[in-house]
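All remarks here apply to the structure that follows.
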Amino acid sequence: MRIFLIGFMGSGKSHVGRQLAKAAQMPFLDLDDYMEQHEQRSITSIFAQEGEAAFRQMERAALHRTAELPEAVIACGGGTPCFFDNMDWMNRHGVTVYLQTPVDILFQRLQAGKNKRPLLATLDDAALQNYISNKLNEREPFYLQAGVIYHVQQLHEPVANELFKTLKFKPL
């Protein structure tokens, strides 16, 4: 089984993915890290040197390479489902889980760590809130094609535990 975690940046895909993979005794793969290893450079460097179009092509290729893994929990980038046929591909090759997170929670998480994200580092609070709302509205039609939609309701909640139950893993 492959589980693809999707959602907006700050929705907790990597954090939840690591916990879920551990609970399910499956490998965890962060698609961005996987791309960086394959390309031997950072995502920021790829964007700066080649632009978004080239990045999205590399991202798609990395996503397709995950088919070689018989099982894994895969945390995808926030834009991954929104390009090419990526969402259809993920739905055909595993279970897609959308971590649907309200704007106010995304704002709190991203505001706290925005210095780690070059795209957000220069935004003031109003611009950050606006960015999140606009981008989420663009992307949500893709995210809502997921096989499982998990509604995050609190800043801190046991998402991995709930997903473990929802996905009906056998007890360890």
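If you're wondering about the labels, chains in the structure tokens are A, B, ... by order shown, residues count from 1 in each chain, ligands from 1 in order shown.
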
All residues 12 Å or closer to Gln111 in chain A, only C-alpha atoms, same chain fewer than 6 positions away omitted, as a ChimeraX atom specification: /A:9-10,103-105,117,120-129,131-132

When you look at range 71-80 of chain A with a cut-off of 10 Å (counting only C-alpha atoms), what residues show up, excluding the ones that are within fewer than 6 positions of it in the same chain? I need them as an mmCIF file with N, CA and C atoms, in the first residue's frame.
```
data_model
loop_
_atom_site.group_PDB
_atom_site.id
_atom_site.type_symbol
_atom_site.label_atom_id
_atom_site.label_comp_id
_atom_site.auth_asym_id
_atom_site.auth_seq_id
_atom_site.Cartn_x
_atom_site.Cartn_y
_atom_site.Cartn_z
ATOM 1 N N MET A 1 0.847 -1.188 0.000
ATOM 2 C CA MET A 1 0.000 0.000 0.000
ATOM 3 C C MET A 1 0.885 1.242 0.000
ATOM 4 N N ARG A 2 0.535 2.178 -0.841
ATOM 5 C CA ARG A 2 1.175 3.503 -0.830
ATOM 6 C C ARG A 2 0.139 4.506 -0.351
ATOM 7 N N ILE A 3 0.548 5.352 0.573
ATOM 8 C CA ILE A 3 -0.333 6.401 1.083
ATOM 9 C C ILE A 3 0.297 7.735 0.713
ATOM 10 N N PHE A 4 -0.424 8.539 -0.062
ATOM 11 C CA PHE A 4 0.050 9.856 -0.476
ATOM 12 C C PHE A 4 -0.652 10.904 0.376
ATOM 13 N N LEU A 5 0.105 11.618 1.192
ATOM 14 C CA LEU A 5 -0.453 12.700 2.003
ATOM 15 C C LEU A 5 -0.342 13.992 1.209
ATOM 16 N N ILE A 6 -1.478 14.656 1.044
ATOM 17 C CA ILE A 6 -1.505 15.910 0.301
ATOM 18 C C ILE A 6 -2.161 16.993 1.145
ATOM 19 N N GLY A 7 -1.917 18.233 0.759
ATOM 20 C CA GLY A 7 -2.504 19.366 1.458
ATOM 21 C C GLY A 7 -1.592 20.563 1.343
ATOM 22 N N PHE A 8 -2.061 21.664 1.853
ATOM 23 C CA PHE A 8 -1.327 22.923 1.774
ATOM 24 C C PHE A 8 -0.094 22.868 2.675
ATOM 25 N N MET A 9 0.914 23.701 2.362
ATOM 26 C CA MET A 9 2.079 23.777 3.246
ATOM 27 C C MET A 9 1.600 24.142 4.645
ATOM 28 N N GLY A 10 2.186 23.489 5.625
ATOM 29 C CA GLY A 10 1.781 23.733 7.006
ATOM 30 C C GLY A 10 0.648 22.836 7.479
ATOM 31 N N SER A 11 0.132 21.982 6.597
ATOM 32 C CA SER A 11 -0.964 21.097 7.003
ATOM 33 C C SER A 11 -0.453 19.914 7.818
ATOM 34 N N GLY A 12 0.849 19.690 7.814
ATOM 35 C CA GLY A 12 1.423 18.635 8.650
ATOM 36 C C GLY A 12 1.742 17.350 7.909
ATOM 37 N N LYS A 13 1.868 17.411 6.592
ATOM 38 C CA LYS A 13 2.086 16.197 5.805
ATOM 39 C C LYS A 13 3.334 15.422 6.247
ATOM 40 N N SER A 14 4.450 16.112 6.409
ATOM 41 C CA SER A 14 5.694 15.433 6.799
ATOM 42 C C SER A 14 5.624 14.938 8.244
ATOM 43 N N HIS A 15 5.142 15.763 9.132
ATOM 44 C CA HIS A 15 5.032 15.397 10.554
ATOM 45 C C HIS A 15 4.110 14.188 10.718
ATOM 46 N N VAL A 16 2.917 14.284 10.155
ATOM 47 C CA VAL A 16 1.938 13.196 10.248
ATOM 48 C C VAL A 16 2.458 11.960 9.523
ATOM 49 N N GLY A 17 3.098 12.175 8.367
ATOM 50 C CA GLY A 17 3.615 11.060 7.587
ATOM 51 C C GLY A 17 4.619 10.221 8.349
ATOM 52 N N ARG A 18 5.534 10.880 9.036
ATOM 53 C CA ARG A 18 6.534 10.146 9.820
ATOM 54 C C ARG A 18 5.856 9.312 10.907
ATOM 55 N N GLN A 19 4.899 9.919 11.606
ATOM 56 C CA GLN A 19 4.204 9.213 12.682
ATOM 57 C C GLN A 19 3.363 8.050 12.141
ATOM 58 N N LEU A 20 2.661 8.287 11.048
ATOM 59 C CA LEU A 20 1.823 7.249 10.456
ATOM 60 C C LEU A 20 2.682 6.095 9.947
ATOM 61 N N ALA A 21 3.791 6.407 9.297
ATOM 62 C CA ALA A 21 4.689 5.370 8.779
ATOM 63 C C ALA A 21 5.225 4.508 9.927
ATOM 64 N N LYS A 22 5.585 5.160 11.019
ATOM 65 C CA LYS A 22 6.097 4.423 12.176
ATOM 66 C C LYS A 22 5.017 3.503 12.732
ATOM 67 N N ALA A 24 2.438 2.282 11.228
ATOM 68 C CA ALA A 24 2.062 1.250 10.257
ATOM 69 C C ALA A 24 3.244 0.360 9.878
ATOM 70 N N GLN A 25 4.417 0.663 10.435
ATOM 71 C CA GLN A 25 5.644 -0.075 10.129
ATOM 72 C C GLN A 25 5.916 -0.080 8.619
ATOM 73 N N MET A 26 5.852 1.128 8.059
ATOM 74 C CA MET A 26 6.098 1.318 6.627
ATOM 75 C C MET A 26 7.187 2.370 6.469
ATOM 76 N N PRO A 27 7.885 2.368 5.332
ATOM 77 C CA PRO A 27 8.859 3.437 5.082
ATOM 78 C C PRO A 27 8.152 4.777 4.888
ATOM 79 N N PHE A 28 8.848 5.845 5.256
ATOM 80 C CA PHE A 28 8.343 7.200 5.029
ATOM 81 C C PHE A 28 9.215 7.876 3.986
ATOM 82 N N LEU A 29 8.574 8.619 3.097
ATOM 83 C CA LEU A 29 9.304 9.351 2.065
ATOM 84 C C LEU A 29 8.709 10.744 1.926
ATOM 85 N N ASP A 30 9.548 11.759 2.083
ATOM 86 C CA ASP A 30 9.138 13.128 1.815
ATOM 87 C C ASP A 30 9.534 13.399 0.365
ATOM 88 N N LEU A 31 8.576 13.705 -0.482
ATOM 89 C CA LEU A 31 8.838 13.851 -1.912
ATOM 90 C C LEU A 31 9.868 14.944 -2.200
ATOM 91 N N ASP A 32 9.827 16.048 -1.461
ATOM 92 C CA ASP A 32 10.816 17.111 -1.656
ATOM 93 C C ASP A 32 12.232 16.613 -1.337
ATOM 94 N N ASP A 33 12.385 15.903 -0.222
ATOM 95 C CA ASP A 33 13.700 15.359 0.145
ATOM 96 C C ASP A 33 14.175 14.353 -0.899
ATOM 97 N N TYR A 34 13.262 13.538 -1.360
ATOM 98 C CA TYR A 34 13.550 12.524 -2.385
ATOM 99 C C TYR A 34 14.052 13.199 -3.668
ATOM 100 N N ARG A 56 8.441 21.396 -11.686
ATOM 101 C CA ARG A 56 7.236 20.555 -11.732
ATOM 102 C C ARG A 56 7.467 19.287 -12.554
ATOM 103 N N GLU A 59 9.440 17.061 -10.287
ATOM 104 C CA GLU A 59 8.555 16.592 -9.225
ATOM 105 C C GLU A 59 7.696 15.437 -9.736
ATOM 106 N N ARG A 60 7.175 15.590 -10.941
ATOM 107 C CA ARG A 60 6.352 14.525 -11.536
ATOM 108 C C ARG A 60 7.165 13.250 -11.719
ATOM 109 N N LEU A 63 7.637 11.664 -8.361
ATOM 110 C CA LEU A 63 6.381 11.034 -7.952
ATOM 111 C C LEU A 63 6.222 9.681 -8.637
ATOM 112 N N ASN A 86 -0.992 14.382 -11.937
ATOM 113 C CA ASN A 86 -0.467 13.853 -10.680
ATOM 114 C C ASN A 86 -1.544 13.328 -9.740
ATOM 115 N N MET A 87 -2.657 14.028 -9.624
ATOM 116 C CA MET A 87 -3.697 13.582 -8.697
ATOM 117 C C MET A 87 -4.305 12.268 -9.174
ATOM 118 N N MET A 90 -1.754 9.490 -8.516
ATOM 119 C CA MET A 90 -1.703 9.075 -7.102
ATOM 120 C C MET A 90 -2.919 8.245 -6.731
ATOM 121 N N GLY A 94 -2.241 4.363 -5.238
ATOM 122 C CA GLY A 94 -2.263 4.301 -3.784
ATOM 123 C C GLY A 94 -3.507 4.975 -3.232
ATOM 124 N N VAL A 95 -3.450 5.254 -1.950
ATOM 125 C CA VAL A 95 -4.534 5.943 -1.256
ATOM 126 C C VAL A 95 -4.088 7.389 -1.054
ATOM 127 N N THR A 96 -4.911 8.326 -1.492
ATOM 128 C CA THR A 96 -4.594 9.742 -1.283
ATOM 129 C C THR A 96 -5.356 10.239 -0.065
ATOM 130 N N VAL A 97 -4.654 10.972 0.776
ATOM 131 C CA VAL A 97 -5.241 11.523 1.999
ATOM 132 C C VAL A 97 -4.985 13.021 2.011
ATOM 133 N N LYS A 135 -4.137 30.878 -2.422
ATOM 134 C CA LYS A 135 -3.513 29.646 -2.912
ATOM 135 C C LYS A 135 -4.366 28.429 -2.575
ATOM 136 N N LEU A 136 -4.933 28.431 -1.377
ATOM 137 C CA LEU A 136 -5.776 27.306 -0.967
ATOM 138 C C LEU A 136 -7.017 27.214 -1.858
ATOM 139 N N ARG A 139 -5.987 25.583 -5.098
ATOM 140 C CA ARG A 139 -5.565 24.190 -5.012
ATOM 141 C C ARG A 139 -6.632 23.222 -4.504
ATOM 142 N N PHE A 142 -8.228 20.334 -6.534
ATOM 143 C CA PHE A 142 -7.373 19.163 -6.727
ATOM 144 C C PHE A 142 -7.330 18.322 -5.457
ATOM 145 N N TYR A 143 -7.126 18.985 -4.330
ATOM 146 C CA TYR A 143 -7.047 18.270 -3.059
ATOM 147 C C TYR A 143 -8.318 17.465 -2.775
#
```

Separation of CA of Lys168 in chain A from CA of Arg109 in chain A, in Å and rounded to one decimal: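 Rounded to one decimal, the two atoms are 28.8 Å apart.
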
Residue among A:Leu99, A:Ala112, A:Ile43, A:Ala48 lying closest to Leu163 in chain A, counting only C-alpha atoms: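 Under the stated criterion, the closest residue is A:Leu99.
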
Pick from A:Asn137, A:Gln40, A:Gln100, A:Gln49 nearest to Val159 in chain A, counting only C-alpha atoms: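 Ranked by minimum distance to Val159 in chain A, first place goes to A:Gln100.
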
From A:Phe55, A:Asp85, A:His93, A:Lys114, residue lying nearest Ser42 in chain A [only C-alpha atoms]: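 Comparing A:Phe55, A:Asp85, A:His93, A:Lys114 against Ser42 in chain A, the winner is A:Phe55.
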
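Of note, CA of Cys82 in chain A and CA of Leu144 in chain A are spaced 11.0 Å apart.
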